[in-house]
$ cat data28.txt   # compact mmCIF, C-alpha atoms and all ligand atoms
# COMPACT_ATOMS: atom_id res chain seq x y z
CA MET A 204 0.82 196.83 177.41
CA GLU A 205 2.70 196.27 180.69
CA VAL A 206 4.49 192.99 181.14
CA PHE A 207 2.32 190.53 183.14
CA GLU A 208 -1.03 192.00 182.05
CA ARG A 209 -1.76 189.22 179.56
CA TYR A 210 0.23 186.54 181.39
CA ALA A 211 -1.53 187.24 184.70
CA PRO A 212 -4.78 185.30 184.06
CA TYR A 213 -2.68 182.12 183.76
CA TYR A 214 -0.23 182.93 186.59
CA ASP A 215 -1.89 180.94 189.40
CA LEU A 216 -2.45 178.01 187.04
CA PHE A 217 1.24 177.86 186.08
CA TYR A 218 2.44 178.20 189.65
CA ARG A 219 -0.24 176.06 191.29
CA GLU A 220 2.45 173.68 192.54
CA LYS A 221 4.72 176.44 193.84
CA LYS A 222 5.24 175.88 197.53
CA TYR A 223 3.95 179.19 198.86
CA GLU A 224 3.27 177.71 202.32
CA GLY A 225 6.87 176.50 202.62
CA GLU A 226 8.22 179.82 201.38
CA VAL A 227 6.13 181.75 203.88
CA ASP A 228 7.36 179.47 206.69
CA TYR A 229 10.89 180.16 205.45
CA VAL A 230 10.35 183.94 205.44
CA ASP A 231 8.86 183.62 208.91
CA SER A 232 11.98 181.73 210.07
CA LEU A 233 14.26 184.40 208.59
CA ILE A 234 12.25 187.08 210.37
CA LYS A 235 12.48 185.19 213.68
CA LYS A 236 16.22 184.68 213.19
CA TYR A 237 17.21 188.20 212.11
CA ALA A 238 14.57 190.73 213.15
CA VAL A 239 15.42 193.12 215.92
CA GLY A 240 12.31 193.37 218.09
CA GLU A 241 8.82 192.20 217.27
CA THR A 242 7.64 192.06 213.65
CA LYS A 243 4.05 193.10 213.12
CA THR A 244 3.93 194.71 209.69
CA ILE A 245 5.14 193.40 206.33
CA LEU A 246 5.33 195.18 203.00
CA ASP A 247 5.14 192.75 200.05
CA LEU A 248 6.86 194.46 197.11
CA GLY A 249 5.65 193.02 193.79
CA CYS A 250 2.98 191.01 195.63
CA GLY A 251 1.49 189.73 192.35
CA THR A 252 -1.54 187.51 192.95
CA GLY A 253 -0.94 187.61 196.71
CA GLY A 254 0.38 184.08 197.21
CA HIS A 255 2.70 185.12 200.04
CA ALA A 256 0.73 188.11 201.29
CA VAL A 257 -2.42 186.13 202.08
CA LEU A 258 -0.54 183.37 203.90
CA LEU A 259 1.52 185.89 205.89
CA ALA A 260 -1.72 187.62 206.90
CA GLN A 261 -3.07 184.23 208.01
CA LYS A 262 0.00 183.95 210.25
CA GLY A 263 -1.08 187.18 211.94
CA TYR A 264 1.10 189.77 210.21
CA HIS A 265 -0.41 193.04 208.97
CA VAL A 266 0.44 192.87 205.29
CA THR A 267 0.41 195.50 202.56
CA GLY A 268 1.04 194.40 198.99
CA VAL A 269 2.18 196.65 196.16
CA ASP A 270 2.21 195.74 192.48
CA ARG A 271 2.08 197.65 189.22
CA SER A 272 -0.12 195.10 187.45
CA ASP A 273 -3.87 195.70 187.70
CA THR A 274 -4.62 192.14 186.64
CA MET A 275 -2.31 190.56 189.22
CA LEU A 276 -3.78 192.82 191.93
CA ALA A 277 -7.35 191.93 190.94
CA ILE A 278 -6.53 188.23 191.44
CA ALA A 279 -4.85 189.01 194.78
CA SER A 280 -7.93 190.94 195.87
CA GLU A 281 -10.20 188.01 195.03
CA LYS A 282 -7.85 185.61 196.86
CA LYS A 283 -7.85 187.61 200.07
CA SER A 284 -11.67 187.85 200.00
CA GLN A 285 -11.98 184.10 199.43
CA LYS A 286 -9.65 183.39 202.36
CA GLY A 287 -11.32 186.05 204.49
CA VAL A 288 -8.08 187.77 205.46
CA SER A 289 -7.19 191.41 205.53
CA VAL A 290 -4.39 192.48 203.18
CA GLU A 291 -4.03 196.05 202.02
CA LEU A 292 -3.40 196.13 198.29
CA GLN A 293 -2.01 199.14 196.51
CA LYS A 294 -1.29 199.69 192.85
CA GLY A 295 2.13 201.23 192.35
CA ASP A 296 5.68 200.92 191.18
CA ILE A 297 7.94 199.64 193.94
CA CYS A 298 10.57 202.20 192.85
CA THR A 299 8.36 205.24 193.37
CA VAL A 300 5.26 204.37 195.40
CA ASP A 301 4.83 206.33 198.62
CA LEU A 302 2.65 204.62 201.21
CA HIS A 303 3.32 207.25 203.88
CA LYS A 304 4.13 204.60 206.44
CA ARG A 305 6.94 202.33 207.54
CA PHE A 306 7.03 198.59 208.02
CA ASP A 307 9.03 196.15 210.15
CA VAL A 308 9.89 193.90 207.18
CA ALA A 309 9.75 194.24 203.39
CA ILE A 310 9.77 191.21 201.11
CA ALA A 311 10.04 190.90 197.31
CA MET A 312 9.43 187.28 196.43
CA PHE A 313 9.84 185.24 193.25
CA ALA A 314 12.57 187.27 191.61
CA VAL A 315 10.81 190.64 191.79
CA MET A 316 14.17 192.43 192.18
CA GLY A 317 15.34 190.69 189.01
CA TYR A 318 12.71 192.68 187.09
CA GLN A 319 14.55 195.88 188.12
CA THR A 320 17.10 195.34 185.38
CA ALA A 321 18.86 198.72 185.14
CA ASN A 322 21.18 199.85 187.94
CA ASP A 323 19.31 203.10 188.53
CA VAL A 324 15.97 201.27 188.66
CA LEU A 325 17.33 198.69 191.12
CA GLU A 326 18.78 201.51 193.19
CA SER A 327 15.39 203.28 193.27
CA ALA A 328 13.68 200.05 194.34
CA LEU A 329 16.14 199.64 197.21
CA VAL A 330 16.03 203.29 198.25
CA ASN A 331 12.24 203.13 198.27
CA ALA A 332 12.28 199.89 200.25
CA ALA A 333 14.57 201.55 202.82
CA LYS A 334 12.24 204.57 202.96
CA HIS A 335 9.35 202.25 203.89
CA LEU A 336 11.24 200.35 206.59
CA ASN A 337 11.61 201.16 210.26
CA PRO A 338 15.22 201.53 211.45
CA ASN A 339 16.70 198.01 211.63
CA GLY A 340 13.84 196.73 209.47
CA LEU A 341 14.61 193.71 207.28
CA LEU A 342 14.49 193.42 203.51
CA ILE A 343 14.15 189.82 202.33
CA PHE A 344 14.01 188.73 198.71
CA ASP A 345 14.89 185.86 196.45
CA ALA A 346 16.87 186.38 193.26
CA TRP A 347 18.71 184.51 190.53
CA PHE A 348 22.30 183.83 191.52
CA GLY A 349 24.64 184.80 188.66
CA PRO A 350 27.25 182.02 188.93
CA ALA A 351 24.50 179.37 188.82
CA VAL A 352 22.70 180.99 185.86
CA ILE A 353 25.94 181.15 183.88
CA ALA A 354 27.00 177.61 184.84
CA GLN A 355 23.64 175.92 184.28
CA LYS A 356 22.29 178.20 181.52
CA PRO A 357 18.55 178.76 181.15
CA GLN A 358 16.85 176.00 179.17
CA ASP A 359 13.88 175.84 176.81
CA LYS A 360 10.88 174.41 178.61
CA ILE A 361 7.34 173.34 177.93
CA LEU A 362 4.61 173.27 180.55
CA ILE A 363 1.09 171.94 179.98
CA LYS A 364 -1.75 172.53 182.41
CA GLU A 365 -5.31 171.27 182.15
CA GLU A 366 -7.79 174.12 182.42
CA GLY A 367 -11.51 173.25 182.40
CA SER A 368 -12.16 171.27 179.24
CA GLY A 369 -9.04 172.65 177.57
CA SER A 370 -5.31 173.02 178.11
CA VAL A 371 -2.91 175.85 178.58
CA ILE A 372 0.51 175.31 177.06
CA ARG A 373 3.45 177.51 177.96
CA LEU A 374 6.62 177.51 175.91
CA THR A 375 9.62 179.17 177.51
CA ARG A 376 12.52 180.14 175.25
CA PRO A 377 15.09 182.06 177.28
CA HIS A 378 17.98 184.02 175.86
CA LEU A 379 21.00 184.51 178.10
CA ASP A 380 23.13 187.64 177.76
CA VAL A 381 26.07 187.17 180.10
CA ILE A 382 27.54 190.62 179.45
CA SER A 383 24.41 192.53 180.42
CA GLN A 384 23.62 190.04 183.22
CA MET A 385 20.21 189.41 181.77
CA VAL A 386 17.97 186.65 180.58
CA ASP A 387 15.16 187.50 178.18
CA VAL A 388 12.55 184.95 179.18
CA ASN A 389 10.32 184.63 176.12
CA PHE A 390 6.97 183.09 176.98
CA THR A 391 4.38 181.89 174.50
CA VAL A 392 1.13 180.83 176.10
CA LEU A 393 -1.49 178.94 174.10
CA HIS A 394 -4.93 178.31 175.55
CA VAL A 395 -6.42 175.48 173.52
CA GLU A 396 -9.83 173.84 173.60
CA ASN A 397 -11.15 171.27 171.12
CA ASP A 398 -8.40 171.99 168.59
CA VAL A 399 -9.18 175.71 168.73
CA ILE A 400 -6.69 178.26 170.05
CA LEU A 401 -8.75 180.46 172.35
CA ASN A 402 -5.91 182.74 173.32
CA CYS A 403 -2.26 183.24 172.42
CA VAL A 404 -0.06 185.40 174.63
CA GLN A 405 3.54 186.33 173.97
CA GLU A 406 5.51 188.15 176.63
CA THR A 407 9.19 188.70 177.25
CA HIS A 408 10.18 188.97 180.90
CA LYS A 409 13.56 190.65 181.16
CA MET A 410 15.31 189.18 184.19
CA ARG A 411 18.54 190.26 185.78
CA PHE A 412 20.72 187.90 187.76
CA PHE A 413 22.92 189.02 190.62
CA PHE A 414 26.34 188.60 192.14
CA THR A 415 26.92 188.93 195.84
CA LYS A 416 29.46 191.76 195.67
CA GLU A 417 27.22 194.01 193.55
CA LEU A 418 24.34 193.49 195.96
CA GLU A 419 26.61 194.31 198.93
CA PHE A 420 27.67 197.48 197.11
CA MET A 421 24.08 198.40 196.25
CA PHE A 422 23.02 197.87 199.86
CA THR A 423 25.77 200.16 201.15
CA LYS A 424 24.66 202.83 198.66
CA THR A 425 20.99 202.60 199.58
CA GLY A 426 21.06 202.55 203.37
CA PHE A 427 21.17 198.82 204.04
CA GLN A 428 23.61 196.47 205.74
CA THR A 429 23.99 193.02 204.24
CA VAL A 430 22.80 190.35 206.67
CA GLY A 431 23.23 187.24 204.54
CA MET A 432 22.93 185.55 201.17
CA HIS A 433 22.15 181.85 201.20
CA PRO A 434 20.73 179.15 198.98
CA PHE A 435 16.98 179.85 198.80
CA MET A 436 15.01 177.98 201.48
CA GLU A 437 18.12 177.50 203.65
CA LEU A 438 18.78 179.48 206.80
CA GLU A 439 22.53 179.02 206.55
CA GLY A 440 24.84 177.75 203.87
CA LYS A 441 27.22 178.94 201.23
CA LEU A 442 26.02 179.68 197.70
CA THR A 443 27.39 177.48 194.93
CA GLU A 444 26.87 177.18 191.19
CA ASN A 445 24.09 174.71 191.98
CA ASP A 446 21.96 177.40 193.61
CA TRP A 447 19.96 179.17 190.90
CA ASN A 448 17.82 180.85 193.55
CA MET A 449 19.33 182.71 196.43
CA ALA A 450 17.80 184.33 199.48
CA VAL A 451 19.04 187.82 200.21
CA ILE A 452 18.60 189.42 203.61
CA ALA A 453 19.54 193.02 204.39
CA ARG A 454 18.86 195.32 207.31
CA ARG A 455 17.98 198.97 207.04
CA ALA A 456 20.75 200.84 208.72
CA PRO A 457 19.65 202.48 211.96
CA VAL A 458 19.45 206.25 211.44
C1 LIG A 501 7.13 186.74 189.28
S1 LIG A 501 5.90 187.82 189.86
C2 LIG A 501 5.96 187.51 191.61
C3 LIG A 501 4.64 187.80 192.28
C4 LIG A 501 4.59 187.36 193.76
N1 LIG A 501 5.59 188.01 194.55
C5 LIG A 501 4.73 185.85 193.88
O1 LIG A 501 5.70 185.40 194.47
O2 LIG A 501 3.87 185.14 193.34
C6 LIG A 501 6.65 189.42 189.75
C7 LIG A 501 5.68 190.52 190.15
O3 LIG A 501 6.45 191.71 190.34
C8 LIG A 501 5.71 192.80 189.82
N2 LIG A 501 6.68 193.87 189.56
C9 LIG A 501 7.87 193.78 188.92
N3 LIG A 501 8.49 194.97 188.93
C10 LIG A 501 7.68 195.83 189.59
C11 LIG A 501 7.76 197.20 189.92
N4 LIG A 501 8.82 197.94 189.56
N5 LIG A 501 6.77 197.75 190.62
C12 LIG A 501 5.68 197.01 190.98
N6 LIG A 501 5.53 195.72 190.69
C13 LIG A 501 6.53 195.12 190.00
C14 LIG A 501 5.02 192.23 188.60
O4 LIG A 501 3.93 193.01 188.20
C15 LIG A 501 4.64 190.83 189.11
O5 LIG A 501 3.37 190.84 189.69
$ encode --input "data28.txt" --output "C-alpha cells"
Amino acid sequence: MEVFERYAPYYDLFYREKKYEGEVDYVDSLIKKYAVGETKTILDLGCGTGGHAVLLAQKGYHVTGVDRSDTMLAIASEKKSQKGVSVELQKGDICTVDLHKRFDVAIAMFAVMGYQTANDVLESALVNAAKHLNPNGLLIFDAWFGPAVIAQKPQDKILIKEEGSGSVIRLTRPHLDVISQMVDVNFTVLHVENDVILNCVQETHKMRFFFTKELEFMFTKTGFQTVGMHPFMELEGKLTENDWNMAVIARRAPV
C-alpha cells in the first residue's frame, strides 16, 4: 500500500494546529515579491488534503492540486466542497503527471520535495514542475535544511489527539542516515477508545533533507534559476543550523 493511504484519515487531526492561513499568506507574499507579471494560476504539487489549495483559492487564485494518494485527495475534495471553493484536483505523480497546461506558480508545501528521495526522482519532479510553468513562473516549496537536521537531529516524539470519545496517539521514531541524507520517519498511530485499540497504523515516511548547493545544481539542470533560500516563513534572511525548515524559491528560466 502507498505511503499515506493509512495515515491519511488522521492527517488533518494531527496537523489541526498547523498554521495553513499564515503559510498561505507567506506564499502570497513570496509571489508578490518575486513573480514577474500577474499571478492567476497555481499548481499545488503534493496538495494532500488541500490545506493550502483551498485557502489559495479563497484568495482568488485558480488552483489545481495534484497528489498520488486517493485518500488524501478524497479529503481535499470534501474540504473544497465544504468551503464552497473551486479547486481542480487530479490524481497523479508529480514526477510524471501531464496536465496539458501551464501555471504562473507551482508550490510543493510541507516537505513534498523531501519525499522525492532519489536524485533521478527529484530531477523528474523538478523537470515536470518546469514543464507545467509559464516562462518566468515561480516554484516555491519548503524543505528540511540539511545543516539543521544534522545539528539538531530528529527526536522521538509522542502526540495525543482527542477524537470523538477516543484518542489517537502517534509515536514518531525517526532514524537519521547522514550519509544518504535521509531520515526514516517511523510512525505508529494508535486509535484507542475505551481501552480498545480500534486501529493501528505503521508507516515509514522516507524524507530527504537538502543542502543549498545541491538544490542550486539541480535547478540549473532542470531549467530553473535559483531565486532564494531563506528560513521558512521569512522573506529575507540567511539560513542557519537553527532553521530546520527552509523556503526555496526558483524561477523557470525564460525560453
Ligand atoms: C506531508 S504531505 C503534504 C500535503 C500538503 N501539501 C500539506 O501541506 O498539507 C505530502 C504529500 O505529498 C504527496 N506526495 C509525495 N510525493 C508525491 C509524488 N511523487 N507525487 C504525488 N504526490 C506526492 C503525498 O501523497 C502527501 O499527500
$ residues_around --input "data28.txt" --residues "region 326-335 of chain A" --least-positions-apart "2" --cutoff "8 Å" --atoms "only C-alpha atoms" --output "NGL selection string"
:A and (297-300 or 302-306 or 309 or 316 or 319 or 322-324 or 337 or 342 or 421-422 or 425-427 or 455)
$ closest_residue --input "data28.txt" --among "A:Pro434, A:Gly287, A:Gly317, A:Gly268" --to "Gly249 (chain A)" --atoms "all atoms listed in the file"
A:Gly268
$ closest_residue --input "data28.txt" --among "A:Val371, A:Ile363, A:Ile353, A:Met410" --to "ligand LIG 501 (chain A)" --atoms "only C-alpha atoms and all ligand atoms"
A:Met410
$ closest_residue --input "data28.txt" --among "A:Leu438, A:Ala314, A:Val230, A:Leu292" --to "ligand LIG 501 (chain A)" --atoms "all atoms listed in the file"
A:Ala314
$ axis_aligned_box --input "data28.txt" --around "region 245-249 of chain A" --padding-each-side "6 Å" --output "JSON"
{"center_x": 6.0, "center_y": 194.0, "center_z": 200.1, "size_x": 13.7, "size_y": 14.4, "size_z": 24.5}
$ closest_residue --input "data28.txt" --among "A:Asp345, A:Ser232, A:Val288, A:Ser280" --to "ligand LIG 501 (chain A)" --atoms "only C-alpha atoms and all ligand atoms"
A:Asp345
$ atom_distance --input "data28.txt" --atom1 "CA of Arg219 (chain A)" --atom2 "CA of Pro350 (chain A)"
28.2 Å
$ closest_residue --input "data28.txt" --among "A:Glu291, A:Asp247, A:Glu406, A:Glu224" --to "Thr375 (chain A)" --atoms "only C-alpha atoms"
A:Glu406
$ atom_distance --input "data28.txt" --atom1 "CA of Gly431 (chain A)" --atom2 "CA of Gly349 (chain A)"
16.1 Å
$ atom_distance --input "data28.txt" --atom1 "atom S1 of ligand LIG 501 (chain A)" --atom2 "CA of Gly225 (chain A)"
17.1 Å
$ closest_residue --input "data28.txt" --among "A:Glu365, A:Asp231, A:Asp296, A:Asp387" --to "Leu341 (chain A)" --atoms "only C-alpha atoms"
A:Asp231
$ residues_near_point --input "data28.txt" --point "(32.6, 173.7, 188.7)" --cutoff "9 Å" --atoms "only C-alpha atoms" --output "number ranges by chain"
A: 354, 443-444
$ residues_around --input "data28.txt" --residues "Phe207 (chain A)" --least-positions-apart "4" --cutoff "10 Å" --atoms "only C-alpha atoms" --output "PDB file with C-alpha atoms, in the frame of the given file"
ATOM      1  CA  ALA A 211      -1.530 187.240 184.700  1.00  0.00           C
ATOM      2  CA  PRO A 212      -4.780 185.300 184.060  1.00  0.00           C
ATOM      3  CA  TYR A 213      -2.680 182.120 183.760  1.00  0.00           C
ATOM      4  CA  TYR A 214      -0.230 182.930 186.590  1.00  0.00           C
ATOM      5  CA  GLY A 251       1.490 189.730 192.350  1.00  0.00           C
ATOM      6  CA  ARG A 271       2.080 197.650 189.220  1.00  0.00           C
ATOM      7  CA  SER A 272      -0.120 195.100 187.450  1.00  0.00           C
ATOM      8  CA  ASP A 273      -3.870 195.700 187.700  1.00  0.00           C
ATOM      9  CA  THR A 274      -4.620 192.140 186.640  1.00  0.00           C
ATOM     10  CA  MET A 275      -2.310 190.560 189.220  1.00  0.00           C
ATOM     11  CA  GLU A 406       5.510 188.150 176.630  1.00  0.00           C
ATOM     12  CA  THR A 407       9.190 188.700 177.250  1.00  0.00           C
ATOM     13  CA  HIS A 408      10.180 188.970 180.900  1.00  0.00           C
TER      14      HIS A 408
END
$ residues_around --input "data28.txt" --residues "Met385 (chain A)" --least-positions-apart "6" --cutoff "9 Å" --atoms "all atoms listed in the file" --output "PDB file with C-alpha atoms, in the frame of the given file"
ATOM      1  CA  GLY A 317      15.340 190.690 189.010  1.00  0.00           C
ATOM      2  CA  THR A 320      17.100 195.340 185.380  1.00  0.00           C
ATOM      3  CA  HIS A 378      17.980 184.020 175.860  1.00  0.00           C
ATOM      4  CA  LEU A 379      21.000 184.510 178.100  1.00  0.00           C
ATOM      5  CA  LYS A 409      13.560 190.650 181.160  1.00  0.00           C
ATOM      6  CA  MET A 410      15.310 189.180 184.190  1.00  0.00           C
ATOM      7  CA  ARG A 411      18.540 190.260 185.780  1.00  0.00           C
ATOM      8  CA  PHE A 412      20.720 187.900 187.760  1.00  0.00           C
TER       9      PHE A 412
END
$ build_atoms --input "data28.txt" --residues "region 275-299 of chain A" --atoms "N, CA and C atoms" --output "short mmCIF file (atom, residue, chain, number, x, y, z; two decimals), in the coordinates of the input"
data_model
loop_
_atom_site.label_atom_id
_atom_site.label_comp_id
_atom_site.auth_asym_id
_atom_site.auth_seq_id
_atom_site.Cartn_x
_atom_site.Cartn_y
_atom_site.Cartn_z
N MET A 275 -2.84 191.35 188.10
CA MET A 275 -2.31 190.56 189.22
C MET A 275 -3.00 191.00 190.52
N LEU A 276 -3.16 192.31 190.70
CA LEU A 276 -3.78 192.82 191.93
C LEU A 276 -5.24 192.39 192.05
N ALA A 277 -5.94 192.34 190.91
CA ALA A 277 -7.35 191.93 190.94
C ALA A 277 -7.46 190.48 191.43
N ILE A 278 -6.51 189.63 191.00
CA ILE A 278 -6.53 188.23 191.44
C ILE A 278 -6.19 188.16 192.94
N ALA A 279 -5.22 188.98 193.36
CA ALA A 279 -4.85 189.01 194.78
C ALA A 279 -6.05 189.45 195.63
N SER A 280 -6.79 190.41 195.13
CA SER A 280 -7.93 190.94 195.87
C SER A 280 -8.99 189.85 196.04
N GLU A 281 -9.22 189.10 194.96
CA GLU A 281 -10.20 188.01 195.03
C GLU A 281 -9.72 186.94 196.02
N LYS A 282 -8.41 186.65 195.98
CA LYS A 282 -7.85 185.61 196.86
C LYS A 282 -8.02 185.98 198.33
N LYS A 283 -7.74 187.22 198.66
CA LYS A 283 -7.85 187.61 200.07
C LYS A 283 -9.31 187.57 200.53
N SER A 284 -10.25 187.93 199.63
CA SER A 284 -11.67 187.85 200.00
C SER A 284 -12.07 186.40 200.21
N GLN A 285 -11.64 185.53 199.30
CA GLN A 285 -11.98 184.10 199.43
C GLN A 285 -11.47 183.53 200.74
N LYS A 286 -10.26 183.93 201.13
CA LYS A 286 -9.65 183.39 202.36
C LYS A 286 -10.12 184.15 203.59
N GLY A 287 -10.80 185.27 203.37
CA GLY A 287 -11.32 186.05 204.49
C GLY A 287 -10.23 186.69 205.33
N VAL A 288 -9.14 187.10 204.70
CA VAL A 288 -8.08 187.77 205.46
C VAL A 288 -7.96 189.22 204.99
N SER A 289 -7.36 190.00 205.86
CA SER A 289 -7.19 191.41 205.53
C SER A 289 -5.77 191.64 205.02
N VAL A 290 -5.67 192.07 203.77
CA VAL A 290 -4.39 192.48 203.18
C VAL A 290 -4.65 193.78 202.45
N GLU A 291 -3.86 194.78 202.73
CA GLU A 291 -4.03 196.05 202.02
C GLU A 291 -3.31 195.94 200.68
N LEU A 292 -4.02 196.23 199.61
CA LEU A 292 -3.40 196.13 198.29
C LEU A 292 -3.34 197.51 197.65
N GLN A 293 -2.21 197.79 197.06
CA GLN A 293 -2.01 199.14 196.51
C GLN A 293 -1.37 199.01 195.14
N LYS A 294 -1.95 199.68 194.15
CA LYS A 294 -1.29 199.69 192.85
C LYS A 294 -0.13 200.69 192.88
N GLY A 295 1.02 200.28 192.39
CA GLY A 295 2.13 201.23 192.35
C GLY A 295 3.40 200.56 191.89
N ASP A 296 4.35 201.41 191.57
CA ASP A 296 5.68 200.92 191.18
C ASP A 296 6.52 200.88 192.45
N ILE A 297 7.17 199.77 192.69
CA ILE A 297 7.94 199.64 193.94
C ILE A 297 9.10 200.65 194.01
N CYS A 298 9.47 201.22 192.87
CA CYS A 298 10.57 202.20 192.85
C CYS A 298 10.11 203.58 193.28
N THR A 299 8.82 203.85 193.15
CA THR A 299 8.36 205.24 193.37
C THR A 299 7.18 205.36 194.33
#
